[in-house]
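A.B. asks: For reference, the file protein_1.csv (CSV, C-alpha atoms) is included below:
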```csv
chain,number,residue,atom,x,y,z
A,14,MET,CA,-76.1,-41.0,128.4
A,15,GLY,CA,-72.9,-42.2,130.0
A,16,SER,CA,-69.6,-42.4,128.1
A,17,TYR,CA,-68.4,-45.7,126.6
A,18,SER,CA,-65.0,-46.9,125.5
A,19,ILE,CA,-64.4,-49.1,122.5
A,20,PHE,CA,-63.9,-52.0,124.9
A,21,ASP,CA,-67.5,-51.6,126.1
A,22,ILE,CA,-68.8,-51.8,122.5
A,23,ALA,CA,-66.5,-54.3,120.9
A,24,GLY,CA,-65.8,-56.4,123.9
A,25,PRO,CA,-62.4,-57.5,125.4
A,26,ILE,CA,-59.5,-59.3,123.7
A,27,MET,CA,-60.7,-62.9,124.2
A,28,ILE,CA,-60.9,-66.5,123.2
A,29,GLY,CA,-64.4,-66.9,121.6
A,30,PRO,CA,-66.9,-67.7,120.6
A,31,SER,CA,-68.9,-65.2,122.6
A,32,SER,CA,-68.1,-62.1,124.7
A,33,SER,CA,-71.2,-62.8,126.9
A,34,HIS,CA,-70.9,-66.6,127.2
A,35,THR,CA,-67.2,-67.0,127.1
A,36,ALA,CA,-65.3,-63.8,128.1
A,37,GLY,CA,-67.8,-62.7,130.6
A,38,ALA,CA,-67.8,-66.2,132.1
A,39,VAL,CA,-64.0,-66.1,132.5
A,40,LYS,CA,-64.4,-62.8,134.4
A,41,LEU,CA,-67.0,-64.3,136.6
A,42,GLY,CA,-64.7,-67.1,137.5
A,43,GLN,CA,-61.9,-64.7,138.1
A,44,MET,CA,-64.1,-62.6,140.4
A,45,ALA,CA,-65.1,-65.7,142.5
A,46,ARG,CA,-61.5,-66.8,142.8
A,47,ALA,CA,-60.4,-63.3,144.0
A,48,LEU,CA,-63.2,-63.2,146.6
A,49,PHE,CA,-62.3,-66.7,147.8
A,50,ASP,CA,-58.7,-65.6,148.1
A,51,ALA,CA,-57.4,-69.2,148.2
A,52,THR,CA,-56.6,-72.1,145.8
A,53,PRO,CA,-59.9,-74.0,145.7
A,54,GLU,CA,-60.0,-77.8,145.7
A,55,LYS,CA,-63.5,-78.0,144.2
A,56,ALA,CA,-65.6,-75.6,142.1
A,57,THR,CA,-69.4,-76.1,141.6
A,58,PHE,CA,-71.2,-74.1,138.9
A,59,LEU,CA,-75.0,-73.7,138.9
A,60,LEU,CA,-75.9,-72.4,135.5
A,61,HIS,CA,-79.1,-70.3,135.0
A,62,GLY,CA,-81.1,-69.2,132.0
A,63,SER,CA,-79.2,-69.2,128.7
A,64,PHE,CA,-76.1,-70.1,130.4
A,65,ALA,CA,-77.8,-73.4,131.3
A,66,THR,CA,-79.1,-73.9,127.7
A,67,VAL,CA,-76.0,-73.2,125.6
A,68,TYR,CA,-73.1,-73.5,128.0
A,69,LYS,CA,-71.5,-76.5,126.2
A,70,GLY,CA,-71.7,-75.1,122.7
A,71,HIS,CA,-70.4,-71.6,123.8
A,72,ALA,CA,-67.6,-73.1,126.0
A,73,THR,CA,-69.1,-71.3,129.0
A,74,ASP,CA,-68.2,-74.3,131.2
A,75,LYS,CA,-64.5,-74.1,130.1
A,76,ALA,CA,-64.5,-70.4,130.5
A,77,LEU,CA,-65.9,-70.4,134.0
A,78,LEU,CA,-63.4,-73.0,135.1
A,79,ALA,CA,-60.5,-71.1,133.4
A,80,GLY,CA,-61.5,-68.0,135.3
A,81,VAL,CA,-61.4,-69.8,138.6
A,82,MET,CA,-57.8,-70.9,137.7
A,83,LYS,CA,-57.0,-67.2,137.0
A,84,PHE,CA,-56.7,-67.4,133.3
A,85,GLN,CA,-57.2,-64.2,131.3
A,86,THR,CA,-59.9,-63.9,128.7
A,87,LYS,CA,-57.3,-64.0,125.9
A,88,ASP,CA,-55.5,-67.1,127.2
A,89,PRO,CA,-55.6,-70.0,124.6
A,90,ARG,CA,-55.5,-72.5,127.5
A,91,ILE,CA,-59.2,-71.8,128.1
A,92,LYS,CA,-59.9,-74.5,125.5
A,93,GLU,CA,-58.0,-77.0,127.6
A,94,ALA,CA,-59.5,-75.9,131.0
A,95,PHE,CA,-60.8,-79.4,131.8
A,96,ALA,CA,-57.5,-81.1,131.4
A,97,ILE,CA,-55.6,-78.4,133.2
A,98,ALA,CA,-58.0,-78.5,136.2
A,99,LYS,CA,-57.4,-82.3,136.4
A,100,GLU,CA,-53.7,-81.7,136.3
A,101,GLN,CA,-54.0,-79.2,139.1
A,102,GLY,CA,-56.2,-81.4,141.2
A,103,LEU,CA,-59.2,-79.1,141.0
A,104,ALA,CA,-62.5,-81.0,141.1
A,105,TYR,CA,-65.4,-79.4,139.3
A,106,GLU,CA,-69.1,-79.9,138.7
A,107,PHE,CA,-71.6,-78.2,136.4
A,108,GLN,CA,-75.3,-78.1,137.3
A,109,THR,CA,-78.3,-76.4,135.7
A,110,GLY,CA,-81.1,-74.8,137.5
A,111,ASP,CA,-83.5,-71.8,137.9
A,112,LEU,CA,-82.2,-69.0,140.2
A,113,GLY,CA,-85.4,-67.0,139.7
A,114,ILE,CA,-86.7,-64.3,137.5
A,115,ALA,CA,-84.8,-61.6,139.3
A,116,TYR,CA,-81.6,-62.8,137.6
A,117,HIS,CA,-80.2,-62.0,134.2
A,118,PRO,CA,-80.3,-65.0,131.7
A,119,ASN,CA,-76.5,-65.3,131.7
A,120,THR,CA,-76.1,-66.0,135.4
A,121,VAL,CA,-74.1,-68.5,137.4
A,122,LYS,CA,-73.8,-69.4,141.1
A,123,ILE,CA,-70.2,-70.4,141.8
A,124,THR,CA,-69.3,-72.3,144.9
A,125,LEU,CA,-65.6,-72.7,145.8
A,126,GLU,CA,-64.4,-75.1,148.5
A,127,LYS,CA,-61.2,-75.9,150.2
A,128,GLU,CA,-60.7,-78.1,153.3
A,129,GLY,CA,-60.1,-76.0,156.4
A,130,ILE,CA,-61.7,-72.8,155.3
A,131,PRO,CA,-65.4,-71.8,154.8
A,132,PRO,CA,-66.8,-72.2,151.3
A,133,MET,CA,-67.8,-69.2,149.3
A,134,GLU,CA,-70.7,-68.6,147.0
A,135,VAL,CA,-70.8,-65.9,144.4
A,136,VAL,CA,-73.7,-65.2,142.1
A,137,GLY,CA,-72.9,-63.2,139.0
A,138,SER,CA,-74.2,-62.3,135.5
A,139,SER,CA,-72.5,-61.7,132.2
A,140,ILE,CA,-74.3,-58.7,130.8
A,141,GLY,CA,-72.6,-58.2,127.4
A,142,GLY,CA,-69.3,-57.1,125.9
A,143,GLY,CA,-67.4,-59.1,128.5
A,144,ASN,CA,-68.8,-57.0,131.3
A,145,ILE,CA,-70.2,-58.7,134.5
A,146,GLU,CA,-72.4,-57.9,137.5
A,147,VAL,CA,-71.9,-59.5,140.9
A,148,LYS,CA,-75.3,-60.0,142.5
A,149,LYS,CA,-74.6,-62.0,145.6
A,150,ILE,CA,-71.6,-62.8,147.8
A,151,ASP,CA,-72.4,-65.6,150.3
A,152,GLU,CA,-75.7,-64.5,152.0
A,153,PHE,CA,-75.3,-60.8,151.0
A,154,ASP,CA,-77.2,-59.2,148.2
A,155,VAL,CA,-74.9,-56.9,146.3
A,156,ASP,CA,-74.9,-55.0,143.0
A,157,PHE,CA,-71.6,-54.0,141.4
A,158,ARG,CA,-70.0,-54.3,138.0
A,159,GLY,CA,-66.7,-55.7,136.9
A,160,ALA,CA,-65.3,-53.8,133.9
A,161,ALA,CA,-61.7,-53.6,132.9
A,162,GLY,CA,-59.8,-50.6,134.2
A,163,ARG,CA,-62.6,-48.8,135.9
A,164,TYR,CA,-62.3,-48.9,139.6
A,165,PHE,CA,-60.1,-50.4,142.3
A,166,THR,CA,-62.6,-52.3,144.5
A,167,LEU,CA,-62.3,-53.4,148.2
A,168,ILE,CA,-64.7,-55.8,149.9
A,169,PHE,CA,-65.0,-55.6,153.7
A,170,CYS,CA,-66.9,-58.2,155.7
A,171,HIS,CA,-67.2,-56.9,159.3
A,172,LYS,CA,-69.4,-56.8,162.3
A,173,ASP,CA,-72.4,-54.5,162.1
A,174,LYS,CA,-71.7,-52.0,164.8
A,175,PRO,CA,-71.4,-48.2,165.1
A,176,GLY,CA,-68.3,-46.6,163.7
A,177,MET,CA,-67.2,-49.4,161.2
A,178,LEU,CA,-68.1,-47.4,158.1
A,179,ALA,CA,-66.4,-44.3,159.5
A,180,LEU,CA,-63.3,-46.4,160.3
A,181,ILE,CA,-63.1,-47.7,156.7
A,182,THR,CA,-63.7,-44.4,155.0
A,183,LYS,CA,-61.4,-42.4,157.2
A,184,ALA,CA,-58.5,-45.0,156.7
A,185,ILE,CA,-59.0,-44.8,152.9
A,186,ALA,CA,-59.1,-40.9,153.0
A,187,ASP,CA,-55.9,-40.9,155.1
A,188,LYS,CA,-54.2,-42.8,152.3
A,189,GLY,CA,-55.2,-40.1,149.8
A,190,ALA,CA,-57.6,-42.3,147.8
A,191,ASN,CA,-61.0,-41.0,146.6
A,192,ILE,CA,-64.2,-43.1,147.0
A,193,ALA,CA,-66.1,-43.4,143.8
A,194,ASN,CA,-68.9,-45.6,145.1
A,195,LEU,CA,-69.8,-47.3,148.3
A,196,GLN,CA,-72.5,-49.8,149.2
A,197,ASN,CA,-73.3,-51.6,152.4
A,198,SER,CA,-75.4,-54.7,153.2
A,199,ARG,CA,-76.1,-56.5,156.5
A,200,LEU,CA,-77.7,-59.8,157.4
A,201,SER,CA,-79.2,-58.5,160.7
A,202,LYS,CA,-78.7,-55.6,163.1
A,203,GLY,CA,-75.6,-56.3,165.1
A,204,GLY,CA,-74.7,-59.3,162.8
A,205,LYS,CA,-72.4,-59.5,159.8
A,206,ALA,CA,-72.2,-56.7,157.3
A,207,LEU,CA,-70.6,-56.4,153.9
A,208,THR,CA,-69.2,-53.1,152.6
A,209,ILE,CA,-68.0,-52.6,149.0
A,210,VAL,CA,-65.9,-49.6,148.3
A,211,CYS,CA,-64.8,-48.6,144.7
A,212,LEU,CA,-61.8,-46.3,144.6
A,213,ASP,CA,-60.5,-44.1,141.8
A,214,SER,CA,-56.9,-45.3,142.6
A,215,PRO,CA,-55.4,-48.2,144.5
A,216,ILE,CA,-54.0,-48.2,148.0
A,217,ALA,CA,-51.0,-50.2,149.1
A,218,LEU,CA,-51.3,-53.9,149.9
A,219,ALA,CA,-49.9,-53.3,153.4
A,220,ASP,CA,-52.7,-50.8,154.1
A,221,ILE,CA,-55.3,-53.3,152.9
A,222,LEU,CA,-53.8,-56.0,155.2
A,223,ALA,CA,-53.9,-53.6,158.1
A,224,PHE,CA,-57.7,-53.6,158.0
A,225,GLU,CA,-57.8,-57.3,158.8
A,226,LYS,CA,-55.9,-56.6,162.1
A,227,ASN,CA,-59.1,-55.0,163.4
A,228,ASP,CA,-61.0,-57.5,165.7
A,229,ASP,CA,-64.3,-56.5,164.2
A,230,MET,CA,-63.2,-57.3,160.6
A,231,TYR,CA,-63.9,-60.9,159.3
A,232,PHE,CA,-62.0,-60.4,156.0
A,233,VAL,CA,-60.9,-57.9,153.4
A,234,ARG,CA,-60.6,-58.6,149.7
A,235,SER,CA,-58.9,-56.5,147.1
A,236,LEU,CA,-60.3,-56.8,143.5
A,237,THR,CA,-57.8,-55.4,141.0
A,238,SER,CA,-58.9,-54.5,137.5
A,239,ILE,CA,-60.3,-57.5,135.8
A,240,ASP,CA,-58.0,-58.6,133.0
A,241,SER,CA,-59.2,-58.1,129.4
```
Can the structure in the file be given as structure tokens, please?
C.D. replies:
Amino acid sequence: MGSYSIFDIAGPIMIGPSSSHTAGAVKLGQMARALFDATPEKATFLLHGSFATVYKGHATDKALLAGVMKFQTKDPRIKEAFAIAKEQGLAYEFQTGDLGIAYHPNTVKITLEKEGIPPMEVVGSSIGGGNIEVKKIDEFDVDFRGAAGRYFTLIFCHKDKPGMLALITKAIADKGANIANLQNSRLSKGGKALTIVCLDSPIALADILAFEKNDDMYFVRSLTSIDS
């Protein structure tokens, strides 16, 4: 049996009413915004399962929108997310649908858009206690958790070619960081690939930006600890 902290059991410091439907939803919005790495002009939320059933009563809609605006789970402004989004010029839409039996009941597909850059889709689930799982980033099937204070996570989207994983892992090792977990997914041989690397400690922003100078790298995203 793995070890648990009091935050895993009791959940994060949050604006309620629910750690799963509210705090977890905020974190899903935060994660999508971090992956998008830009200020979106429109956010579309496709709610699945119990998210689709009770999202209004549990303020899941406000929480998701607040997360996209980078609010923390304890921010009292979550209750005013609709009005604040309007003030900021952020258009939003909530839809309900069935993403399939493979997904947790508390799942949402978030699509973020801004003129001039490609939209991004993130599918994630709130799995209890304010913890989340990310299951899809654009076309890539992934599987990683977001939990406060656990790992420093880097997302690399790159060409699928020999030597790319070695390049990533060597550069990280050269900075003295230890890899706790790594997963890789590709769309097709020689096409796009996505590599997720969880580190025990962060590396400098300048070192992260240096990865993007590689012609075979489409983008790099740094996911700091999710606020709780």
A.B. asks: Would you mind reading off the distance between CA of Tyr68 (chain A) and CA of Leu112 (chain A), one decimal, in Å?
C.D. replies: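 Straight-line distance from CA of Tyr68 (chain A) to CA of Leu112 (chain A) works out to 15.9 Å.
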A.B. asks: With only C-alpha atoms as the counted atoms, please give the residues lying no more than 8 Å from Thr73 (chain A), apart from itself and same-chain residues fewer than 2 positions off, as a tab-separated table (two decimals) with C-alpha atoms, keeping the file's coordinate frame.
C.D. replies:
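Dumped to selection_23.tsv:
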```tsv
chain	number	residue	atom	x	y	z
A	34	HIS	CA	-70.90	-66.60	127.20
A	35	THR	CA	-67.20	-67.00	127.10
A	38	ALA	CA	-67.80	-66.20	132.10
A	64	PHE	CA	-76.10	-70.10	130.40
A	67	VAL	CA	-76.00	-73.20	125.60
A	68	TYR	CA	-73.10	-73.50	128.00
A	69	LYS	CA	-71.50	-76.50	126.20
A	70	GLY	CA	-71.70	-75.10	122.70
A	71	HIS	CA	-70.40	-71.60	123.80
A	75	LYS	CA	-64.50	-74.10	130.10
A	76	ALA	CA	-64.50	-70.40	130.50
A	77	LEU	CA	-65.90	-70.40	134.00
```
A.B. asks: Measuring between only C-alpha atoms, which one of A:Ser139, A:Thr66, A:Ser214, A:Gln101 shows the shortest distance to Tyr116 (chain A)?
C.D. replies: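 Going through A:Ser139, A:Thr66, A:Ser214, A:Gln101 one by one, the smallest distance to Tyr116 (chain A) is for A:Ser139.
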A.B. asks: Would you work out the distance separating CA of Ile114 (chain A) from CA of His61 (chain A), expressed in Å to one decimal?
C.D. replies: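 If I compute the distance from CA of Ile114 (chain A) to CA of His61 (chain A), I get 10.0 Å.
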A.B. asks: Please identify all polymer residues within 12 Å of Val135 (chain A), counting all atoms listed in the file, omitting same-chain residues fewer than 3 positions from it, and present them as a ChimeraX atom specification.
C.D. replies: /A:41-49,56-59,81,120-126,132,138,146-156
A.B. asks: Go ahead and compute the interatomic distance for CA of Tyr231 (chain A) and CA of Ala193 (chain A), in Å to one decimal.
C.D. replies: 23.5 Å
A.B. asks: Could you check which of A:Ala206, A:Leu103, A:Leu212, A:Leu200 is closest to Ala186 (chain A), using all atoms listed in the file?
C.D. replies: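 Smallest separation from Ala186 (chain A) among the options: A:Leu212.
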A.B. asks: Point out the residue among A:Ile185, A:Leu167, A:Ala115, A:Ile192 with the least atom-to-atom distance to Phe232 (chain A), counting all atoms listed in the file.
C.D. replies: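 Of the candidates, the smallest distance to Phe232 (chain A) is held by A:Leu167.
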A.B. asks: When distances are computed from all atoms listed in the file, which of A:Lys87, A:Lys55, A:Arg199, A:Arg158 shows the smallest separation from Leu236 (chain A)?
C.D. replies: A:Arg158
A.B. asks: Which residue gives the smallest distance to Pro131 (chain A) among A:Ala72, A:Pro53, A:Phe157, A:Ser235, with all atoms listed in the file counted?
C.D. replies: A:Pro53
A.B. asks: Counting all atoms listed in the file, which of A:Gly62, A:Gly189, A:Gly204, A:Gly110 gets nearest to Met230 (chain A)?
C.D. replies: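 Checking each of A:Gly62, A:Gly189, A:Gly204, A:Gly110 against Met230 (chain A), counting all atoms listed in the file, the winner is A:Gly204.
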